[in-house]
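For reference, the structure is listed below as structure tokens.
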Amino acid sequence: MKTILSLLLLCTLSPVALAQGGGISDLLRSVTGAISGKESAAPAQKGETAVLGVRGMDEGDAKTTAPAAGDSRLLESWAVGRKEAEAAAARRGLTARPVTYE
Amino acid sequence: MRLHLLRSCLAAATLALAAPGIQAQSRSLDLGSIFDTAKNLAKSQSVGSMSEEEELAIGKEVVAATLGSYPPIRDSGLQHRLNQIGVWIALQSSRPDLPWRFAAVESDAINAFAAPGGTILVTRGMLGHVTNEAELACVLGHEIGHVTRRHHIAVLQKSLLVSAGASALSAASKTGGSQEYRKLLIGESKEIFNRRLDRSSEREADEDGILLAARAGYDPAACLNFMQRLAALKVDTNALAALYKTHPTAGERVVDVDNSLGRLKGAAAGDGARPELTLNAAAAGGQKNQAR
């Protein structure tokens, strides 16, 4: 009964408060799965602040980073095409060869 | 009675978890199916089904944000040379026609990054650590492997599923379907966080690094030399802190790389070129402050 009352109390909390409370969210997700009898989505592991395409960035930098469109354009100016890359490799004596894993 | 109470409470709580803007749409959702819907949607929108155009759009956001923290080294000659080497290695991959871009960035950490769509960033610290072009080829090949296998897109999709994205995905599935889902993916990519890829992804990328270096004509044993030297460095070195947050330790990778070398067919350890590294990151140091 106490459990039911506790859950009812949680229901009265504001959406924002619930959304911000990771612990509560995780608890509810777990309980939801138990009630529905189906596997619920697993919560993110502690310390893994989720997502994305760049690994190994310093976390402090990652949180304060601001897009640098000008630098992106610089990257484009340094781009090299297939023919140029092949010619440069040939000058260094590199030849492509068929290699696979057994 | 108890069960009924619990179900009512959980229905209300689940609605509370949804973002305010989508609550009205979510009231009629079947509680039991909310997470299944998200899971199924994510499954149907699998990594393989995302178009190259969408992948490039995500990558563009990621690169712009990353360069905000790690500006490129202002040395056109060095960058041009790095692109010649990088594109040559990428041409040996399963996705040679991606718009591959390579850049050396300002950071003393020994690291390299891959963004979806084919942009690879290598730190000044990494350029100072590799001793020849063959070792650099292994590093670039590793990152190219992450791109060709779309490892980061998979992580992004998984992350969306397990976080608040579960409820957003559910709402999106009711309203806009895959279009909304893809908008969510691209929007989410603007946020850059640290994330460890799983062990198997890193192993696959290491294998790709060796394979691509060998295909490009380099001595694949250079990959082992590089990893052994990395393993010999102190783990608590600042320059390695970020790398070890996101990769298995170099000691573990030495064993895996050694095993991979033994499975190569068409090239053997010691068979291939080890050209002198002509990217002089140290000489570009004079321009370091200018870049900031």
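So you can find residues: chains in the structure tokens are A, B, ... in the order shown, residues in each start at 1, and ligands are numbered from 1 in order.
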
| Who sits within 10 Å of Gly70 in chain A, only C-alpha atoms, same chain under 4 positions skipped, as a PyMOL selection string | (chain A and resi 74-75) or (chain B and resi 64+67-68)

| task | Using DSSP on the backbone coordinates, identify all residues within range 42-150 of chain B classified as helix (DSSP H, G or I); present the result as a VMD selection string. | result | chain B and resid 42 to 44 47 to 49 52 to 69 76 to 90 124 to 129 133 to 148

| From the set B:Ala284, B:Ala216, B:Val257, B:Ala222, which residue has the shortest atom-to-atom contact distance to Gly93 in chain A, counting only C-alpha atoms? |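 Among the listed residues, B:Ala216 lies closest to Gly93 in chain A.
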
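Minimum atom-to-atom distances from A:Arg82, A:Pro98, A:Glu76, A:Arg92 to Glu276 in chain B were compared using only C-alpha atoms, and the lowest value belongs to A:Arg92.
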